[in-house]
Structure formats: C-alpha cells, structure tokens
Amino acid sequence: MAVNHTDLFPPSAMQAIDAAAIANGLCGRGLMERAGAAVAAAALRHWPEMKRALVLCGPGNNGGDGHVAARHLSAAGVKVERFGLAAKAGSDAAWALGRFPGAVADLALCRPEAGDLVIDALFGAGLDRALEGDVAVLIERVNAAAVPVLAVDLPSGVSGRTGRPTGPCFTAERTVTFAAQKPGHVLLPGRALCGAVEVADIGFPARMLTAPAPVSINHPALYLPHLRGPDAAAHKYSRGHLVVFSGPLISGGAARMAAEAGLKAGAGLVSLATPPAAVMAQAAHVTAVMQRSIDGLETLEGWLDDRRLAAFILGPGFGADATSAARARAYAAAVASAGRRLVLDADGLSAFTGHGETLHAIGAAIPLVLTPHEGEFRRLFAPLAEDKTLSKIERAQAAAARGAAIVVYKGADTVIAAPDGRAAVNVDAPAWLATAGSGDVLAGLIGALLVQGMPAFEAACAGVAMHAAAARRHGPGLTAEDLIAAVRPLPLTAA
Ligand SMILES: NC(=O)C1=CN([C@@H]2O[C@H](COP(=O)(O)OP(=O)(O)OC[C@H]3O[C@@H](n4cnc5c(N)ncnc54)[C@H](OP(=O)(O)O)[C@@H]3O)[C@@H](O)[C@H]2O)[C@H](O)CC1
Ligand SMILES: [K+]
C-alpha cells in the first residue's frame with residue numbers, strides 16, 4: 001500500500017491505474033471503501049464540532065466515495081444529510097449507496113447553515129465539462145453561505161488535468177485525494193480552490209503508482225544527485241565563471257542583482273559584461289563581482305576564447321529597443337557558437353519575439369534556459385499561450401520542444417519543462433516572492449548552478465527551489481536585495 005508524494009498523475013492516468021489494479025485482482029469497491037473512510041476521517045479530524053455533514057453525492061465513483069463517507073460519519077454519531085444525483089445502476093457508487101440506503105434528497109433542497117460541513121462528492125476525476133443547472137446553483141449557494149467545504153478528490157468544477165474551473169466550481173477548505181496528486185491540485189487556480197490537500201493511501205501497491213510521464217512536484221531528489229560539491233582541491237575557476245551581460249547606464253541594477261545572486265549561489269567567479277558607458281556606474285557598486293567592458297560583438301567573440309567562461313546570462317535590464325534586441329540576438333548567437341551555456345531572461349527573451357527559428361537553433365546547439373513570466377511567454381510563444389485546452393504544464397512542455405530549451409514558466413506555480421517531456425511544478429514559493437528584481441535573482445541562481453556543471457533541467461529546478469527557499473527564509477517585506485542575502489547554497493544531500 002502506498003502513496004506517491006512527488007509524481008503528478010492526470011485524471012486519465014489515475015483512471016488507467018484504477019482499471020489496471022482492478023484487472024490485477026484489486027477490488028474496486030475496496031478502493032472506494034478506503035477512499036470514503038479517509039474522507040470521513042479527515043472530516044472528523046478537522047471539523048470535530050460540526051453540527052451536520054451535508055454530503056453531496058454525484059452519479060459516478062466520486063459520489064460513491066461520498067456514500068461511504070456518509071456511512072462512516074453517521075456511524076461516528078454525526079448528523080448526516082445526503083443530497084445528490086442518482087448513482088449509475090450496477091456501478092460501485094450504486095453498491096456504496098446500497099450499503100447505506102437512507103434518503104438522498106434533491107440537490108435543490110440543500111440549504112447549508114452555519115455549523116455545517118459540506119462534503120463535495122459530486123464530481124472528481126470524471127469531470128469533463130462545465131457544471132450547469134441545479135449543481136451550478138448549489139455551488140453558488142454553498143460558496144455564498146461561507147460554510148467549509150471538504151472536497152473529495154477535487155472540488156467539483158475544477159479540472160484535475162489543468163487546475164482550471166470548467167465553469168462554476170466549489171472553493172474547498174480542504175481536499176482529500178487518493179494515492180497521488182493530480183496537476184489540478186498544484187496548478188493555479190486549482191491549488192487555491194483545493195485548499196489544504198491530503199493524499200490518502202487507498203491500497204494501491206507502490207509498483208502500480210509509477211507515473212506515465214515524468215511530471216512531478218519540484219523536489220530535491222530531482223536535482224540534488226546532480227550537484228557536485230567543491231572538492232578539497234577546488235579553486236575559483238573550477239567552481240565556474242559566470243558572466244552576466246549588463247544593460248546601459250540607466251538599467252544596470254538588474255544585471256548586478258543576477259551577478260550577486262550567482263556569487264551567493266556558489267559560482268566561483270562572476271563578471272559583468274558591461275557596455276563602456278556603464279562601466280563606471282557598475283564599478284561604483286560592485287566589489288566581489290568583476291567587470292569586463294564589452295563594446296560590441298567583436299570584443300565579445302575575442303573574450304569567448306577564454307574557455308573558463310562557462311555560462312552566460314543575457315536579458316536582465318539589457319534594453320528592449322530594436323538596437324538592443326538585435327544586439328541580444330547577436331550576443332546569444334556568439335555564446336552558442338562558442339558552445340557555452342546560456343540563460344535568457346527578460347529583454348533577452350523579448351529579443352526573440354518573431355525569431356523562433358533562431359532561438360531553436362541556439363537551443364539545439366547549447367544547454368539553453370528560458371525564464372519567461374506570463375507576459376514574456378505570451379510574446380514568445382503566442383499561439384501556445386492562447387490555447388485554452390492546454391494546462392500550464394502542457395504549455396511549458398510544448399514551449400520547451402519549440403525552443404529546444406529548458407523553459408522556466410514563472411508564476412506562483414512555476415513550471416520547469418524540458419524538450420524531452422520532463423516537467424516539475426514548484427509549489428512552495430511564498431506570495432512575497434513576487435517583487436521587482438526577483439526574476440533577475442532567479443536567473444543568477446540558475447546561471448550559478450550551470451557553471452557548477454549541473455545539467456540545465458536540474459539547474460533550473462534547483463534554482464527555482466533555492467529562490468523559493470530564500471524567500472521563505474526571509475519572510476514578508478522582501479526586496480530583491482534581501483532575497484540575495486537570504487540565498488544559501490544547496491545542501492549536498494537531501495534533507
Ligand atoms: N484511483 C482512484 O483514485 C480512485 C478514485 N475513486 C473516485 O472515483 C472518482 C472518479 O470516478 P468517475 O466515476 O470516473 O467520475 P466522476 O464521479 O467524477 O464523474 C462521474 C460522471 O459524471 C458525469 N459528468 C462529468 N462531468 C459532468 C458535468 N460537468 N455535468 C454533469 N455530469 C458530468 C460523467 O458521466 P456522463 O455519462 O454524464 O458523461 C462522469 O462519468 C474519483 O474522483 C474518486 O473520487 C474511487 O472511488 C476509488 C479509486
Ligand atoms: K468532488
């Protein structure tokens with residue numbers, strides 16, 4: 001019996017596991033029995049003083065879990081009232097209703113009051129369209145009554161694949177799901193609509209809970225095995241030299257923050273590649289970070305003969321006008337020709353709007369990491385961004401394939417995706433991480449991990465995790481400077 005705490009299973013994958021388990025002799029009703037018992041246990045644990053449990057039961061197996069939960073709650077002495085839709089004849093849900101045969105009232109009669117707990121067992125993994133009619137009206141009524149909702153598997157109306165509502169949906173205080181989380185539990189707005197998520201063990205053997213696709217929560221086992229600690233003979237060059245391209249005089253701070261974050265994250269050396277007019281301004285600020293005056297492509301190409309320059313960050317404060325964009329493309333191409341690693345962020349991403357083929361060629365040549373926020377993603381991958389059928393994970397995977405690059409699709413639910421389909425969703429970034437300059441710091445962290453030899457997908461996952469950890473360490477009121485100060489190198493083994 002097991003729970004998979006890290007991989008994400010789309011509802012279709014979970015249904016396939018369910019079917020395979022039953023075909024292999026596991027009892028479907030046993031799964032439902034344990035699912036319903038886990039829901040009842042969560043209700044008793046978190047709402048021990050509830051006056052009534054209003055259990056809303058749908059026509060499928062989600063409703064079946066609701067009937068089982070209702071039976072257990074009633075046996076525990078809770079006043080239970082059931083409302084719902086007829087269970088499909090011959091289904092496990094009909095069996096569950098048969099084991100607790102009392103009245104199931106029409107949904108239109110459900111009137112939640114203060115002190116009630118609503119258990120939402122209307123629709124779970126089987127939801128495939130917008131909820132309408134009596135169900136939609138009831139959802140509005142429950143949400144307006146501000147009574148707590150405990151969702152079974154998922155709040156009804158939320159897609160387990162995308163995390164987006166298909167129409168009206170419940171806002172749950174807690175959700176009990178089974179065996180593993182679905183993308184809808186971690187992608188926004190699903191994560192917020194689910195409330196606190198509990199994953200219950202309902203009896204699948206561990207060997208059956210292997211994800212069909214390498215999609216998971218961002219967790220240390222993804223990247224820590226790829227971290228090489230400095231050996232006793234380490235010197236600054238063996239720990240990697242990171243270069244950050246600086247923008248003009250007026251916007252040099254962004255590159256500086258990326259550079260300082262890179263040093264804190266363990267790069268041996270960090271240099272700013274600065275246009276001559278901005279050198280003095282940068283010199284007035286930096287100490288451990290070094291500088292190189294780069295007045296154009298030729299100077300850069302000459303400097304690239306130094307093989308110790310391991311990775312480059314291009315974009316923070318670089319300049320968004322046409323001349324700067326052309327320069328950004330030329331510099332990125334030079335870094336690619338020299339076979340170095342590259343992080344494209346901010347203006348470095350916007351420079352490739354309408355230049356998708358060039359971007360793909362760079363990604364095909366070198367390890368390339370793109371770090372777009374929503375607006376940059378829209379500019380760079382316009383048709384993908386608008387495709388409402390895709391989840392954020394699917395959009396990031398498609399963008400990674402298109403750019404031949406690791407894509408860090410930023411947000412409160414940052415998704416890191418690779419062209420080969422690997423993807424990870426970061427779930428522990430605090431809200432206060434959304435502050436000016438935060439993205440520049442993230443680029444610096446990823447760059448620092450790249451120069452230390454981490455492969456690009458793992459470096460991106462680790463950078464995103466370090467970024468969130470630094471923000472949690474500092475707490476609210478964070479500025480990008482505070483964030484840099486709160487960065488700590490990765491531990492060499494999982495905590
Ligand atoms: N392995 C597990 O994790 C287990 C999960 N369990 C529970 O089972 C549900 C999934 O059950 P399923 O029967 O597949 O699906 P639902 O109960 O979510 O939906 C049932 C049917 O509802 C209809 N439907 C779908 N969307 C709508 C809508 N918007 N409006 C109206 N009706 C809708 C649809 O049937 P149609 O014939 O009408 O198309 C669905 O088939 C899972 O979430 C868990 O709670 C097991 O109990 C244990 C194993
Ligand atoms: K539900």
# chains A, B, ... in the order shown; residues from 1 in each chain; ligands from 1
>>> residues_near_ligand(ligand="ligand 1", cutoff="9 Å", atoms="only C-alpha atoms and all ligand atoms", output="ChimeraX atom specification")
/A:11,14-19,21,28-36,57-66,88,91-93,121-133,135,152-154,156-157,160,166-167,177-180,202,204
>>> select_by_dssp(residues="range 299-401 of chain A", states="alpha helix (DSSP H)", output="JSON, numbers by chain")
{"A": [299, 300, 301, 302, 303, 322, 323, 324, 325, 326, 327, 328, 329, 330, 331, 332, 333, 334, 335, 336, 337, 346, 347, 348, 349, 350, 356, 357, 358, 359, 360, 361, 362, 363, 364, 365, 374, 375, 376, 377, 378, 379, 380, 382, 383, 384, 385, 386, 392, 393, 394, 395, 396, 397, 398, 399, 400, 401]}
>>> residues_around(residues="range 46-50 of chain A", least_positions_apart="3", cutoff="10 Å", atoms="only C-alpha atoms", output="PyMOL selection string")
chain A and resi 41-43+53+78-79+114-118+148+150+174
>>> write_last_selection(atoms="C-alpha atoms", output="PDB file, in the first residue's frame")
ATOM      1  CA  ALA A  41     -11.606  10.563   8.950  1.00  0.00           C
ATOM      2  CA  ALA A  42     -10.473  13.931   7.569  1.00  0.00           C
ATOM      3  CA  ALA A  43     -13.893  15.436   8.329  1.00  0.00           C
ATOM      4  CA  ALA A  53     -22.404  16.903   7.492  1.00  0.00           C
ATOM      5  CA  VAL A  78     -22.507  12.789  13.156  1.00  0.00           C
ATOM      6  CA  LYS A  79     -25.849  14.030  11.852  1.00  0.00           C
ATOM      7  CA  ALA A 114     -23.553  27.927   9.949  1.00  0.00           C
ATOM      8  CA  GLY A 115     -22.001  24.935  11.708  1.00  0.00           C
ATOM      9  CA  ASP A 116     -22.457  22.608   8.709  1.00  0.00           C
ATOM     10  CA  LEU A 117     -19.665  20.905   6.862  1.00  0.00           C
ATOM     11  CA  VAL A 118     -20.314  20.374   3.152  1.00  0.00           C
ATOM     12  CA  PRO A 148     -16.472  24.978   4.998  1.00  0.00           C
ATOM     13  CA  LEU A 150     -14.262  19.319   2.174  1.00  0.00           C
ATOM     14  CA  ARG A 174      -9.516  21.037   2.313  1.00  0.00           C
TER      15      ARG A 174
END
>>> atom_distance(atom1="CA of Thr175 in chain A", atom2="CA of Val39 in chain A")
8.7 Å
>>> select_by_dssp(residues="range 76-160 of chain A", states="strand (DSSP E)", output="list in words")
Val80, Glu81, Arg82, Phe83, Gly84, Asp116, Leu117, Val118, Ile119, Asp120, Ala121, Val149, Leu150, Ala151 and Val152 of chain A
>>> write_last_selection(atoms="N, CA, C and O atoms", output="compact mmCIF listing (two decimals), in the first residue's frame")
# COMPACT_ATOMS: atom_id res chain seq x y z
N VAL A 80 -25.97 13.29 9.54
CA VAL A 80 -25.60 13.32 8.12
C VAL A 80 -26.85 13.51 7.26
O VAL A 80 -27.87 12.86 7.49
N GLU A 81 -26.76 14.43 6.31
CA GLU A 81 -27.84 14.54 5.31
C GLU A 81 -27.20 14.43 3.94
O GLU A 81 -26.16 15.05 3.68
N ARG A 82 -27.82 13.63 3.09
CA ARG A 82 -27.26 13.43 1.74
C ARG A 82 -28.14 14.09 0.69
O ARG A 82 -29.38 14.05 0.77
N PHE A 83 -27.50 14.68 -0.28
CA PHE A 83 -28.19 15.29 -1.43
C PHE A 83 -27.46 14.80 -2.66
O PHE A 83 -26.24 14.61 -2.61
N GLY A 84 -28.19 14.60 -3.74
CA GLY A 84 -27.41 14.17 -4.89
C GLY A 84 -28.17 13.75 -6.10
O GLY A 84 -29.37 13.98 -6.25
N ASP A 116 -22.47 23.77 9.61
CA ASP A 116 -22.46 22.61 8.71
C ASP A 116 -21.08 22.42 8.08
O ASP A 116 -20.34 23.40 7.89
N LEU A 117 -20.80 21.19 7.75
CA LEU A 117 -19.67 20.90 6.86
C LEU A 117 -20.25 20.34 5.57
O LEU A 117 -21.05 19.40 5.61
N VAL A 118 -19.88 20.92 4.45
CA VAL A 118 -20.31 20.37 3.15
C VAL A 118 -19.22 19.44 2.64
O VAL A 118 -18.05 19.83 2.56
N ILE A 119 -19.60 18.21 2.34
CA ILE A 119 -18.65 17.28 1.73
C ILE A 119 -19.02 17.17 0.25
O ILE A 119 -20.12 16.72 -0.10
N ASP A 120 -18.11 17.64 -0.58
CA ASP A 120 -18.38 17.71 -2.02
C ASP A 120 -17.89 16.43 -2.69
O ASP A 120 -16.70 16.29 -2.98
N ALA A 121 -18.83 15.52 -2.93
CA ALA A 121 -18.51 14.27 -3.65
C ALA A 121 -19.36 14.22 -4.92
O ALA A 121 -19.91 13.17 -5.28
N VAL A 149 -16.02 23.65 3.04
CA VAL A 149 -16.23 22.56 2.07
C VAL A 149 -15.02 21.63 2.12
O VAL A 149 -13.88 22.08 2.03
N LEU A 150 -15.30 20.35 2.29
CA LEU A 150 -14.26 19.32 2.17
C LEU A 150 -14.49 18.62 0.84
O LEU A 150 -15.54 18.00 0.62
N ALA A 151 -13.54 18.76 -0.08
CA ALA A 151 -13.73 18.19 -1.42
C ALA A 151 -13.18 16.77 -1.48
O ALA A 151 -12.12 16.48 -0.92
N VAL A 152 -13.90 15.92 -2.17
CA VAL A 152 -13.45 14.54 -2.40
C VAL A 152 -12.73 14.50 -3.75
O VAL A 152 -13.33 14.82 -4.78
>>> residues_around(residues="Phe381 in chain A", least_positions_apart="6", cutoff="12 Å", atoms="only C-alpha atoms", output="VMD selection string")
chain A and resid 349 to 350 352 to 357 359 370 372 to 375 387 395 to 403 407 409
>>> residues_around(residues="Ala459 in chain A", least_positions_apart="6", cutoff="7 Å", atoms="only C-alpha atoms", output="ChimeraX atom specification")
/A:446,449-450
>>> closest_residue(among="A:Gly463, A:Gly296, A:Gly447, A:Pro383", to="Leu242 in chain A", atoms="only C-alpha atoms")
A:Gly447
